[in-house]
Structures are given as C-alpha cells and as structure tokens.
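Working notes for the structure below.
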Amino acid sequence: MQGLMMDMPLLISSILRHAARHHGDTEIVSRRLEGDIHRYTYVDCEQRARTLADALEQAGVKHGDRVATLAWNGYRHMEIYYAVGGMGGVIHTINPRLHPDQIAWIVNHAEDTHLAFDITFLPIIEAIAARCPKVRSWIAMVDEDRHPVSAAIPNLVNYEQLLRSGRSNWRWPEFEERAAVALCYTSGTTGNPKGALYSHRSTVLHAYGAALPDAMGGSARDVILPVVPMFHVNAWGIPYMAPLVGAKLVFPGSQLDGASIFELFESEGVTFSAGVPTVWLGLLAHVRQQGARFSTLQRTVIGGSACPPAMIRAFRDDYGVDVIHAWGMTEMSPLGTLSRLQNRHLQLDDAAQQKVLEKQGHVIYGVDMKIVGDDGADLPWDGKTYGNLLVRGPWIIQAYFKSEGGDPLQYDADGAGWFPTGDVATIDEQGYMQITDRSKDVIKSGGEWISSIDLENLAIAHPAVANAAVIGIAHPKWDERPLLIVVKKPGVEVTREDLLRFYEGKIAKWWLPDDVQFVDAIPLGATGKILKTRLREQFRDYRLPGL
Ligand code: ADP
C-alpha cells in the first residue's frame with residue numbers, strides 16, 4: 001500500500017522559494033570585489049536567480065549541463081547556485097587556489113559548458129581559455145561598468161548583461177529529485193581530482209541534517225557568515241541550510257584576513273560562522289592583538305582538518321564562543337560527525353567536557369559509521385581500538401563522476417555498501433568518533449601507529465609555536481619515526497629541546513618525535529590544509545639524527 005501524501009520532489013529551488021515566501025525580508029549581505037557592501041533580501045535573490053536561470057536556458061544550457069564557477073562567497077555566486085541547480089543544470093564549483101593546469105583539467109573533465117568567475121581570477125581564465133574548447137561562454141561576475149576587456153578570452157560575457165536577457169516571470173521547473181545538482185572535485189592530493197556529484201535529494205536532506213540542533217543548529221535567529229568558501233564542498237552546505245531556516249547570510253568576498261572578518265562579524269551581528277582551523281588562527285591573532293571581544297558570535301564550526309584543542313579552549317574560555325568540531329569530506333556532502341555535548345555530559349567538569357568537544361564527534365541522522373580492521377571485520381567501540389572508518393547514508397557518494405576508479409564502495413557480509421573514508425579512527429562507547437589520522441599520514445613505527453594529529457595538536461599548544469606539522473621519516477629499524485616541523489611565532493625564541501621537553505608526560509615515550517626542524521612556513525593546500533605530500537617531498541633527503 002502506498003502512502004497518500006503529496007508527491008513533491010526534494011528540489012533545491014524549493015529551498016530558495018521557501019526563503020523568499022516566508023523569510024522574504026531577511027537579508028543577504030556581501031562584501032563585494034567592487035569594494036562596497038551589497039545588501040538585498042531573499043525575495044531579491046530568488047527573483048534574480050530565476051531570471052538568471054531563464055537567461056542561461058536561452059543561452060543554451062540544458063538539463064544536466066555543467067556550469068562552472070571560480071568565485072568567492074558572494075550574492076552572485078549564491079544566485080548561480082540556485083539558477084543552475086534550479087533549472088536542472090549542475091553547478092560545478094572550482095577551487096581557484098588550484099594550479100591553472102589542474103583547473104583546465106577539471107573544466108575539461110567535467111565538460112563545463114559555461115564558466116562564471118570573479119574578476120580576481122581573470123588571469124587564470126586568460127591562461128586556460130584556449131585549452132577549454134567546450135566552454136561556450138566565460139561570464140565575468142562584475143558590474144557592467146567594470147567589465148574587463150581581454151583579447152585572450154573569446155566569448156567573454158558580462159553577468160549583469162546576461163541577467164537582463166532573462167525574464168522575471170520564469171518559473172522553477174519540477175523534475176526528478178535524483179537529478180544531479182552540483183559537482184565538487186576533491187583536491188587531488190594523491191593523483192587526479194575526483195568528482196563527487198550531488199543530487200537534489202541528497203542536497204536537500206543534507207541541508208535538513210546540517211540545520212539540526214546537534215549539527216550546526218541553524219535558525220531564523222541566526223546571522224551566518226561562512227568563511228569556508230562556496231568552492232570548498234558547497235561551503236559545507238550553508239548556502240542551502242541558511243535559506244532553509246531563514247537565517248540572514250553574510251558573505252565575506254575575497255577578504256578573509258582576521259581584521260576584515262572581525263569587522264563583518266561586528267557590523268552585521270554574526271552569531272554563527274564556519275571555517276578550517278587555519279582561518280581561525282588569523283582571526284584569533286587579530287582579536288588578541290586588538291584586545292577585542294565578539295559581541296554577537298555564539299558558535300563556530302571548525303573542521304576540514306583537526307581543530308587543535310588549544311583553539312577550542314581559546315574560543316570557549318577567552319571569548320565565550322562554542323566551537324563545534326566537525327568532520328566530513330567532499331564525498332559526504334560533507335557533514336559526517338559534529339562534537340556537541342549530550343545530557344550525560346552536562347554534569348561533567350569543564351576538563352571532561354573539553355575532552356568530549358575535542359573529538360570529531362557524533363553522527364547525525366543520515367550518516368552511519370563503523371570502524372573495521374584490514375580484514376573488514378567490525379572493531380569495538382571502546383575509544384581505544386582504531387581502525388578504518390567506513391560510512392554510509394543518503395548524502396554519501398556511491399560512485400565518482402565518470403568513475404574511472406570503478407565502484408569505490410566496500411561491501412559487508414550483509415551486502416550493505418560502505419564508503420571507505422581513508423581515515424583511521426576510534427569510536428567510544430557513546431558513539432563519539434575521534435580521527436587518529438588519515439591512513440596515509442599515520443606514522444608506522446615498529447608495527448604500531450603514531451597519530452601525527454595528536455603530536456601536532458600538542459605542539460600548537462606551546463606558546464612559541466605558530467604552526468606545526470608532523471610527518472613520518474624512514475627509519476631502518478622502526479620503519480618510520482616522527483619529525484616535528486615548526487613555524488615559530490615572530491620574535492619568540494624556542495629550541496628543539498624546549499619543544500621535545502614540552503611533550504614529556506603528555507605522550508608515550510616512543511611517540512616522542514626524533515627531531516625538530518624549524519621552517520618559515522608550512523605549505524598549505526587549496527582548502528587551507530597542511531600539504532603533507534609537499535612536506536614529505538621537502539624533507540625527502542633529510543636524515544634523522546644518528547643515522
Ligand atoms: P581533500 O581530500 O581534498 O582534502 P576533503 O576536504 O574532502 O578533501 O577532506 C576530507 C578529509 O579531511 C577527511 O577525510 C579527513 O582526513 C580530513 N578531515 C576533515 N575534517 C577533519 C577533522 N575535524 N579532523 C581531522 N581530519 C579532518
């Protein structure tokens with residue numbers, strides 16, 4: 001027997017339509033590349049997104065066509081998200097921090113038919129246009145009077161001019177909810193990037209999941225500023241979650257330094273933000289230096305790489321801001337687990353609560369997880385045993401776009417398909433997961449594993465350390481031994497011995513790094529994470545002391 005409820009497909013256009021109808025005067029505020037602050041409402045955004053959808057349709061964009069963006073967080077990027085997805089196309093967000101060769105490769109692999117870009121990225125477009133023959137137009141997302149002139153780019157179109165060719169009475173079409181809506185490539189630190197292709201259904205379900213109180217907990221009382229870029233796994237779903245709950249949105253554009261972000265937090269009354277740890281290092285440094293306080297900020301999601309406990313403490317103790325430590329990945333839309341306290345934790349003392357909050361957290365409905373050994377057998381949830389972390393759920397990838405790699409899933413004895421995350425983790429009795437390491441970063445010493453993340457977190461807590469990374473160095477007896485690589489804070493003196501002594505009593509003796517190397521900077525990847533592959537290359541000829 002079938003249920004007798006309305007058969008309404010879960011389409012992303014319904015989210016923006018909802019925001020326009022029921023939170024119509026709620027604002028979207030953007031710091032523009034043009035230099036000013038732009039503000040309009042969900043009504044305006046929905047109207048322009050619909051008009052743009054019609055314009056793109058007239059320009060030949062068809063169901064399933066990929067339209068790419070190379071853009072910062074801003075209102076035009078939001079309009080493209082909804083125009084392209086809402087009309088049945090696929091929005092393909094590209095990370096502009098990748099090398100132009102890699103960007104050209106991705107554009108061609110995705111077979112993008114159009115590409116919209118912020119003019120900051122004009123030099124990249126000039127470098128790749130000739131190599132991307134399938135792109136029919138390059139759309140400059142800028143006011144008409146600032147439209148660039150470039151002989152190197154044929155079919156250069158102005159966004160506002162294109163928008164004028166659309167009709168404002170165009171209506172969102174209805175189609176199948178399993179249709180593709182968005183495409184994101186992983187950053188490809190190992191080999192060519194791979195595409196995760198989200199559906200309308202998976203995106204809407206993920207937005208609901210993200211809004212849950214024990215996830216990001218979005219509401220119509222929130223003012224949300226995603227520092228995480230809209231090209232980094234759809235800004236972790238915030239462009240869908242915010243209109244779903246009717247929250248005000250604040251987009252920071254290209255200015256992601258601590259001072260600029262702080263200014264927007266204060267001027268717009270931001271209550272909630274999200275970003276990778278490196279961003280918050282800059283923000284905290286600025287706030288400390290100015291002796292400033294956050295007047296409205298209540299909580300921030302930090303994820304993408306392990307959030308150092310010292311950062312959670314600083315936000316909580318010094319500024320009264322809750323850090324929600326989150327874990328996920330491109331293949332998971334991206335949310336998997338978030339660390340928030342439960343009833344059972346409320347009676348615990350501060351230090352014990354902090355221990356819970358340091359973990360990568362608990363799943364939300366929509367994600368199931370388990371840890372298995374190399375033989376695929378389930379491992380216990382005791383908070384100590386670590387194993388390969390597997391996940392499944394309706395917003396988790398089943399196959400990569402044009403999947404040359406074949407089926408990535410791992411099937412268990414019951415025939416259920418699980419996605420192997422490539423992470424090594426523990427899960428405790430209460431279902432809180434803690435990442436030990438990425439399996440390729442874990443240091444294998446004498447048949448046992450050392451977590452590079454744990455060693456980095458401890459080093460970062462030292463007052464003289466600005467940033468730290470730990471990699472495994474080949475060792476004839478132990479296989480690998482840890483090397484600590486450190487960037488010192490300016491003007492502070494600290495020695496190798498000071499840092500090694502700092503670990504005493506905090507870790508097992510055999511975890512102690514064999515050496516410390518000081519560097520000016522640690523290489524960061526396109527999404528602000530430490531590039532361990534680059535570090536390993538940099539230290540390829542390095543020999544541990546005594547060898
Ligand atoms: P990329 O592989 O391009 O870096 P993702 O942004 O999808 O792409 O990265 C996902 C990976 O980032 C996870 O598999 C995990 O290794 C790491 N990660 C994400 N969040 C956390 C976290 N809170 N703690 C530790 N590692 C994390």
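In the structure tokens, each chain is lettered A, B, ... as it comes, each chain's residues begin at 1, and ligands are numbered from 1 in order of appearance.
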Residue list (helix (DSSP H, G or I), DSSP) for stretch 382-513 of chain A, as a list in words =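 Answer for stretch 382-513 of chain A restricted to helix (DSSP H, G or I) is Ser452, Ile453, Asp454, Leu455, Glu456, Asn457, Leu458, Ala459, Ile460, Arg496, Glu497, Asp498, Leu499, Leu500, Arg501, Phe502, Lys509, Trp510 and Trp511 of chain A.
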File dump, residues just selected, N, CA and C atoms, as an mmCIF file, in the first residue's frame:
```cif
data_model
loop_
_atom_site.group_PDB
_atom_site.id
_atom_site.type_symbol
_atom_site.label_atom_id
_atom_site.label_comp_id
_atom_site.auth_asym_id
_atom_site.auth_seq_id
_atom_site.Cartn_x
_atom_site.Cartn_y
_atom_site.Cartn_z
ATOM 1 N N SER A 452 49.849 11.564 13.827
ATOM 2 C CA SER A 452 50.505 12.856 13.565
ATOM 3 C C SER A 452 49.628 13.982 14.105
ATOM 4 N N ILE A 453 48.315 13.790 14.065
ATOM 5 C CA ILE A 453 47.391 14.840 14.544
ATOM 6 C C ILE A 453 47.613 15.110 16.033
ATOM 7 N N ASP A 454 47.750 14.046 16.837
ATOM 8 C CA ASP A 454 47.953 14.245 18.276
ATOM 9 C C ASP A 454 49.237 15.022 18.542
ATOM 10 N N LEU A 455 50.299 14.657 17.831
ATOM 11 C CA LEU A 455 51.586 15.343 18.050
ATOM 12 C C LEU A 455 51.501 16.809 17.612
ATOM 13 N N GLU A 456 50.784 17.068 16.534
ATOM 14 C CA GLU A 456 50.632 18.457 16.053
ATOM 15 C C GLU A 456 49.821 19.277 17.054
ATOM 16 N N ASN A 457 48.715 18.693 17.534
ATOM 17 C CA ASN A 457 47.862 19.412 18.487
ATOM 18 C C ASN A 457 48.638 19.819 19.736
ATOM 19 N N LEU A 458 49.489 18.924 20.213
ATOM 20 C CA LEU A 458 50.278 19.239 21.404
ATOM 21 C C LEU A 458 51.281 20.341 21.104
ATOM 22 N N ALA A 459 51.948 20.265 19.954
ATOM 23 C CA ALA A 459 52.960 21.275 19.618
ATOM 24 C C ALA A 459 52.332 22.656 19.505
ATOM 25 N N ILE A 460 51.135 22.710 18.909
ATOM 26 C CA ILE A 460 50.474 24.006 18.698
ATOM 27 C C ILE A 460 50.107 24.664 20.027
ATOM 28 N N ARG A 496 64.867 23.241 20.000
ATOM 29 C CA ARG A 496 64.441 21.858 19.746
ATOM 30 C C ARG A 496 64.165 21.159 21.081
ATOM 31 N N GLU A 497 65.091 21.362 22.050
ATOM 32 C CA GLU A 497 64.974 20.690 23.344
ATOM 33 C C GLU A 497 63.741 21.168 24.110
ATOM 34 N N ASP A 498 63.461 22.497 24.027
ATOM 35 C CA ASP A 498 62.261 23.029 24.714
ATOM 36 C C ASP A 498 61.020 22.297 24.221
ATOM 37 N N LEU A 499 60.956 22.153 22.902
ATOM 38 C CA LEU A 499 59.744 21.567 22.317
ATOM 39 C C LEU A 499 59.623 20.090 22.672
ATOM 40 N N LEU A 500 60.750 19.370 22.643
ATOM 41 C CA LEU A 500 60.690 17.943 22.971
ATOM 42 C C LEU A 500 60.321 17.762 24.448
ATOM 43 N N ARG A 501 60.841 18.656 25.293
ATOM 44 C CA ARG A 501 60.520 18.571 26.714
ATOM 45 C C ARG A 501 59.029 18.837 26.957
ATOM 46 N N PHE A 502 58.457 19.694 26.110
ATOM 47 C CA PHE A 502 57.035 20.055 26.227
ATOM 48 C C PHE A 502 56.120 18.823 26.090
ATOM 49 N N LYS A 509 56.457 7.504 25.658
ATOM 50 C CA LYS A 509 57.843 7.872 25.309
ATOM 51 C C LYS A 509 58.169 7.597 23.841
ATOM 52 N N TRP A 510 57.663 6.450 23.347
ATOM 53 C CA TRP A 510 58.057 6.071 21.983
ATOM 54 C C TRP A 510 57.361 6.916 20.907
ATOM 55 N N TRP A 511 56.403 7.778 21.333
ATOM 56 C CA TRP A 511 55.770 8.701 20.390
ATOM 57 C C TRP A 511 56.601 9.968 20.180
#
```
request  = Excluding A:Glu268 and residues on its chain fewer than 6 positions from it, collect all residues at most 9 Å away from it, counting only C-alpha atoms, and give them as a PyMOL selection string.
outcome  = chain A and resi 29+223+250
Serialized selection, N, CA and C atoms, as a short mmCIF file (atom, residue, chain, number, x, y, z; two decimals), in the first residue's frame:
```
data_model
loop_
_atom_site.label_atom_id
_atom_site.label_comp_id
_atom_site.auth_asym_id
_atom_site.auth_seq_id
_atom_site.Cartn_x
_atom_site.Cartn_y
_atom_site.Cartn_z
N VAL A 29 23.92 39.77 2.86
CA VAL A 29 24.86 40.90 2.82
C VAL A 29 26.19 40.39 2.26
N VAL A 223 22.56 34.80 12.27
CA VAL A 223 23.22 35.55 11.20
C VAL A 223 24.48 34.75 10.89
N VAL A 250 25.78 36.38 5.54
CA VAL A 250 26.80 37.42 5.31
C VAL A 250 27.96 36.77 4.55
#
```
task = Please identify all polymer residues within 8 Å of A:Phe419, counting only C-alpha atoms, omitting same-chain residues fewer than 2 positions from it, and present them as a list in words.
result =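 Here the answer would be Leu390, Val391, Arg392, Ile396, Ile397, Gln398, Pro408, Leu409, Gln410, Gly417 and Thr421 of chain A.
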ask   = as a PyMOL selection string, which residues of stretch 274-464 of chain A does DSSP assign to strand (DSSP E or B)?
value = chain A and resi 274-275+299-303+322-328+335-338+361-363+368-372+378+387-392+410-411+417-427+433-438+443-445+448-450
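In this comparison, which uses only C-alpha atoms, the residue of A:Val470, A:Val43, A:Leu197, A:Leu379 approaching A:Tyr400 most closely is A:Leu197.
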inquiry  = For a test of reading the model, state the distance in Å between atom CA of A:Tyr159 and atom CA of A:Ala242, rounded to one decimal.
reply    =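 Distance between the two atoms: 24.3 Å.
With only C-alpha atoms and all ligand atoms as the atoms that count, the residue of A:Ile485, A:Ala416, A:Ile15, A:Val233 with the shortest distance to ligand 1 is A:Val233.
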task = Would you please work out which residue, of A:Phe265, A:Phe539, A:Tyr365, A:Tyr185, is nearest to ligand 1 when using only C-alpha atoms and all ligand atoms?
result = A:Tyr185
query = Near A:Gly217, counting only C-alpha atoms, which residues have an atom at most 10 Å away, once you skip same-chain residues fewer than 5 positions from it, shown as an MDAnalysis selection string?
reply = chainID A and resid 208:212 222 241 245 272 299
ask   = Which residue, A:Gly269, A:Val465, A:Tyr503, A:Asp54, has the smallest gap to A:Ala521 when you use only C-alpha atoms?
value = A:Val465
request  = Compile the contact shell of A:Val107 as a list in words: residues with an atom at most 8 Å away, counting only C-alpha atoms, same-chain residues fewer than 5 positions apart removed.
outcome  = Ala68, Asp112 and Cys132 of chain A
